Each structure stands twice: as C-alpha cells, then as structure tokens.
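**Student:** Got a structure here, written out as structure tokens. Questions coming.
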Amino acid sequence: MRKEGQELSTKDLSDPKTLALRIADLSLDKKASSVLVMDLRGLCSFTDYFVLCTGASDTQVKAITDHIEEELSKEHIEPWHREGYTHLRWVILDYIDVVAHIFQPEVREFYGLEQLWGDAEVIEVGEDTGRGNQELGRAPR
C-alpha cells in the first residue's frame, strides 16, 4: 500500500485490488469499522472485489460514502452506479470491478454478505492491521 503522505496515481488504481484497498483506506479516514476486502474472482462474474464497511449511523454512512466518492473523483474515478444514498442504511458504490458496501450495523448483520460469500479470500483492513497491507486469507467464520 502507500507510504505515509504518498498519493496513489490514477494508473495505480486501474488494478481492481489496488482500487479496493484504496476504498478501504478511504473508509477508515471516516472511522468506518469492520472493514473487509473480499476477493470474488472465480466466485462470481459481476465484480472482482467487494469492500464492506460499517458506519454507526446514517450520518457516518453518508460521511464515508461522500469521502470515498470525493477522493476518487479527484483521481478521475467515478462510480458507475450508486444505490441506497436516500436512506443511508446500506449504500452501494459500484465501480464495476470493485463494489463498495457501506452499512449500518443491523443491516450488515441481517444480510450477512460475509457468510453468503464465505468462500471468498478476505483482507481485514484497519488501523491495527496496517490499513490494507494484509494479504488475502480465508474469511473468519
């Protein structure tokens, strides 16, 4: 991942894994919790990676979503589709090869994407794990 103070170039973000880790890092900037990057290559045909994160309230879900969109827009990366922004309980930002899911806790628990895609390799991302420097591994069950 990037070093302190080093910005990623748009070219770097053309790689889906790099983009997924960048989205995860951006979510941490707004104090998202339970941030995961799930590698879905070989498991589905509609995307390569999911980024899952949780915001404690509609205000935090909005802040996380807005921050991801604003920062990636500065790097000329725009979502193909955005869903759920009106209610802010589960927002989806679809960047084609990477789909970000920003949940409120009860919605994330109810839909259980980690269990639904339990065969995916997973990176747990957080301040204590080096913000995306972890290698993919099996999802915790």
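Ordering of the structure tokens sets the chain letters (A, B, ...); residue numbers start at 1 within each chain; ligands are numbered from 1 in the order shown.
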As number ranges by chain, please: the residues near A:Val37 (cut-off 8 Å, only C-alpha atoms, same-chain neighbours under 3 positions excluded).
**Tutor:** A: 20-21, 24, 49-52, 122-125
**Student:** Check stretch 61-126 of chain A with DSSP on the backbone and list each residue it calls strand (DSSP E), as a list of chain:residue names.
**Tutor:**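 Strand (DSSP E) members of stretch 61-126 of chain A, listed: A:His81, A:Arg82, A:Glu83, A:Trp90, A:Val91, A:Ile92, A:Leu93, A:Asp94, A:Val98, A:Val99, A:Ala100, A:His101, A:Ile102, A:Phe103, A:Glu121, A:Val122, A:Ile123, A:Glu124, A:Val125.
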**Student:** Please provide the set of residues having any atom within 12 Å of A:Arg108, restricted to only C-alpha atoms, with same-chain residues fewer than 4 positions apart removed, written as a PyMOL selection string.
**Tutor:** chain A and resi 33-35+52-56+89-91+101-104+112-116
**Student:** Name the closest residue to A:Ile92 among the candidates A:Glu69, A:Glu109, A:Asp15, A:Asp119; distances are taken between atoms, counting only C-alpha atoms.
**Tutor:** A:Glu69
**Student:** Considering only alpha helix (DSSP H) as DSSP defines it on the backbone, what residues of chain A qualify? List them as JSON, numbers by chain.
**Tutor:** {"A": [16, 17, 18, 19, 20, 21, 22, 23, 24, 25, 26, 27, 28, 29, 58, 59, 60, 61, 62, 63, 64, 65, 66, 67, 68, 69, 70, 71, 72, 73, 74, 105, 106, 107, 108, 109, 110, 111, 113, 114, 115, 116]}
**Student:** Do a neighbour search on A:Asp66 at 12 Å with only C-alpha atoms, toss out local chain neighbours closer than 2 positions, and write the hits as a VMD selection string.
**Tutor:** chain A and resid 23 26 to 27 29 to 30 58 to 64 68 to 73 78 to 79 82 85 88 91 to 93 102
**Student:** Work out how far apart atom CA of A:Asp39 and atom CA of A:Glu106 are and give it in Å to one decimal.
**Tutor:**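 Spanning atom CA of A:Asp39 to atom CA of A:Glu106 is a straight-line distance of 23.5 Å.
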**Student:** Show which residues sit within 7 Å of A:Val98, as an NGL selection string. Count only C-alpha atoms, and ignore same-chain residues fewer than 2 positions away.
**Tutor:** :A and (16 or 20 or 47-50 or 94-96 or 100)
**Student:** Take the residues that were just selected and, keeping all heavy atoms, output them as a PDB file, in the first residue's frame.
**Tutor:**
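That gives us out_20.pdb:
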ATOM      1  N   PRO A  16      -7.859  -3.594  -9.973  1.00  0.00           N
ATOM      2  CA  PRO A  16      -9.005  -3.713  -9.064  1.00  0.00           C
ATOM      3  C   PRO A  16      -8.620  -3.921  -7.597  1.00  0.00           C
ATOM      4  O   PRO A  16      -9.252  -3.338  -6.713  1.00  0.00           O
ATOM      5  CB  PRO A  16      -9.779  -4.919  -9.609  1.00  0.00           C
ATOM      6  CG  PRO A  16      -9.423  -4.965 -11.053  1.00  0.00           C
ATOM      7  CD  PRO A  16      -7.987  -4.504 -11.124  1.00  0.00           C
ATOM      8  N   ALA A  20      -9.679  -1.477  -4.594  1.00  0.00           N
ATOM      9  CA  ALA A  20     -10.411  -1.986  -3.420  1.00  0.00           C
ATOM     10  C   ALA A  20      -9.711  -1.572  -2.124  1.00  0.00           C
ATOM     11  O   ALA A  20     -10.361  -1.120  -1.173  1.00  0.00           O
ATOM     12  CB  ALA A  20     -10.551  -3.502  -3.499  1.00  0.00           C
ATOM     13  N   THR A  47     -18.249  -8.812 -10.593  1.00  0.00           N
ATOM     14  CA  THR A  47     -17.242  -7.938  -9.998  1.00  0.00           C
ATOM     15  C   THR A  47     -16.059  -8.773  -9.546  1.00  0.00           C
ATOM     16  O   THR A  47     -16.158 -10.010  -9.448  1.00  0.00           O
ATOM     17  CB  THR A  47     -17.815  -7.111  -8.829  1.00  0.00           C
ATOM     18  OG1 THR A  47     -16.899  -6.052  -8.507  1.00  0.00           O
ATOM     19  CG2 THR A  47     -18.077  -7.958  -7.598  1.00  0.00           C
ATOM     20  N   ASP A  48     -14.950  -8.118  -9.245  1.00  0.00           N
ATOM     21  CA  ASP A  48     -13.765  -8.817  -8.741  1.00  0.00           C
ATOM     22  C   ASP A  48     -13.655  -8.726  -7.226  1.00  0.00           C
ATOM     23  O   ASP A  48     -13.206  -9.670  -6.580  1.00  0.00           O
ATOM     24  CB  ASP A  48     -12.491  -8.230  -9.366  1.00  0.00           C
ATOM     25  CG  ASP A  48     -12.360  -8.544 -10.839  1.00  0.00           C
ATOM     26  OD1 ASP A  48     -13.005  -9.502 -11.313  1.00  0.00           O
ATOM     27  OD2 ASP A  48     -11.606  -7.834 -11.526  1.00  0.00           O
ATOM     28  N   TYR A  49     -14.036  -7.574  -6.662  1.00  0.00           N
ATOM     29  CA  TYR A  49     -13.874  -7.351  -5.221  1.00  0.00           C
ATOM     30  C   TYR A  49     -15.090  -6.661  -4.635  1.00  0.00           C
ATOM     31  O   TYR A  49     -15.701  -5.805  -5.279  1.00  0.00           O
ATOM     32  CB  TYR A  49     -12.648  -6.454  -4.942  1.00  0.00           C
ATOM     33  CG  TYR A  49     -11.340  -7.119  -5.263  1.00  0.00           C
ATOM     34  CD1 TYR A  49     -10.765  -6.972  -6.522  1.00  0.00           C
ATOM     35  CD2 TYR A  49     -10.667  -7.892  -4.321  1.00  0.00           C
ATOM     36  CE1 TYR A  49      -9.562  -7.583  -6.840  1.00  0.00           C
ATOM     37  CE2 TYR A  49      -9.468  -8.508  -4.633  1.00  0.00           C
ATOM     38  CZ  TYR A  49      -8.923  -8.352  -5.890  1.00  0.00           C
ATOM     39  OH  TYR A  49      -7.737  -8.964  -6.200  1.00  0.00           O
ATOM     40  N   PHE A  50     -15.403  -7.030  -3.390  1.00  0.00           N
ATOM     41  CA  PHE A  50     -16.314  -6.279  -2.541  1.00  0.00           C
ATOM     42  C   PHE A  50     -15.461  -5.597  -1.479  1.00  0.00           C
ATOM     43  O   PHE A  50     -14.501  -6.197  -0.974  1.00  0.00           O
ATOM     44  CB  PHE A  50     -17.291  -7.196  -1.792  1.00  0.00           C
ATOM     45  CG  PHE A  50     -18.525  -7.607  -2.531  1.00  0.00           C
ATOM     46  CD1 PHE A  50     -19.382  -8.537  -1.945  1.00  0.00           C
ATOM     47  CD2 PHE A  50     -18.868  -7.096  -3.773  1.00  0.00           C
ATOM     48  CE1 PHE A  50     -20.538  -8.946  -2.588  1.00  0.00           C
ATOM     49  CE2 PHE A  50     -20.022  -7.502  -4.431  1.00  0.00           C
ATOM     50  CZ  PHE A  50     -20.862  -8.433  -3.825  1.00  0.00           C
ATOM     51  N   ASP A  94     -20.801   1.250  -6.990  1.00  0.00           N
ATOM     52  CA  ASP A  94     -20.372   0.250  -7.965  1.00  0.00           C
ATOM     53  C   ASP A  94     -19.337   0.853  -8.910  1.00  0.00           C
ATOM     54  O   ASP A  94     -19.661   1.712  -9.734  1.00  0.00           O
ATOM     55  CB  ASP A  94     -21.586  -0.247  -8.744  1.00  0.00           C
ATOM     56  CG  ASP A  94     -21.275  -1.405  -9.675  1.00  0.00           C
ATOM     57  OD1 ASP A  94     -20.082  -1.685  -9.920  1.00  0.00           O
ATOM     58  OD2 ASP A  94     -22.230  -2.027 -10.161  1.00  0.00           O
ATOM     59  N   TYR A  95     -18.104   0.405  -8.761  1.00  0.00           N
ATOM     60  CA  TYR A  95     -17.013   0.828  -9.631  1.00  0.00           C
ATOM     61  C   TYR A  95     -16.675  -0.283 -10.634  1.00  0.00           C
ATOM     62  O   TYR A  95     -15.548  -0.383 -11.081  1.00  0.00           O
ATOM     63  CB  TYR A  95     -15.785   1.210  -8.801  1.00  0.00           C
ATOM     64  CG  TYR A  95     -15.986   2.476  -8.009  1.00  0.00           C
ATOM     65  CD1 TYR A  95     -16.428   2.442  -6.689  1.00  0.00           C
ATOM     66  CD2 TYR A  95     -15.754   3.719  -8.587  1.00  0.00           C
ATOM     67  CE1 TYR A  95     -16.620   3.617  -5.965  1.00  0.00           C
ATOM     68  CE2 TYR A  95     -15.947   4.897  -7.872  1.00  0.00           C
ATOM     69  CZ  TYR A  95     -16.374   4.837  -6.561  1.00  0.00           C
ATOM     70  OH  TYR A  95     -16.572   5.997  -5.850  1.00  0.00           O
ATOM     71  N   ILE A  96     -17.631  -1.123 -10.972  1.00  0.00           N
ATOM     72  CA  ILE A  96     -17.554  -2.248 -11.904  1.00  0.00           C
ATOM     73  C   ILE A  96     -16.709  -3.389 -11.323  1.00  0.00           C
ATOM     74  O   ILE A  96     -17.267  -4.377 -10.877  1.00  0.00           O
ATOM     75  CB  ILE A  96     -17.044  -1.854 -13.314  1.00  0.00           C
ATOM     76  CG1 ILE A  96     -17.824  -0.661 -13.863  1.00  0.00           C
ATOM     77  CG2 ILE A  96     -17.089  -3.056 -14.264  1.00  0.00           C
ATOM     78  CD1 ILE A  96     -19.247  -0.925 -14.238  1.00  0.00           C
ATOM     79  N   ALA A 100     -18.318  -1.251  -3.441  1.00  0.00           N
ATOM     80  CA  ALA A 100     -18.223  -0.890  -2.030  1.00  0.00           C
ATOM     81  C   ALA A 100     -19.610  -0.945  -1.395  1.00  0.00           C
ATOM     82  O   ALA A 100     -20.578  -0.442  -1.966  1.00  0.00           O
ATOM     83  CB  ALA A 100     -17.624   0.496  -1.878  1.00  0.00           C
TER      84      ALA A 100
END
**Student:** Please determine, counting only C-alpha atoms, which residue among A:Trp80, A:Glu75, A:Val107, A:Val99 has the shortest atom-to-atom distance to A:Leu13.
**Tutor:** A:Glu75
**Student:** What's the separation between atom CA of A:Ala120 and atom CA of A:Met38, in Å to one decimal place?
**Tutor:** 5.9 Å
**Student:** Give me, please, the distance in Å between atom CA of A:Leu40 and atom CA of A:Leu19, quoted to one decimal.
**Tutor:**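 One can read the atom CA of A:Leu40 to atom CA of A:Leu19 distance as 14.2 Å.
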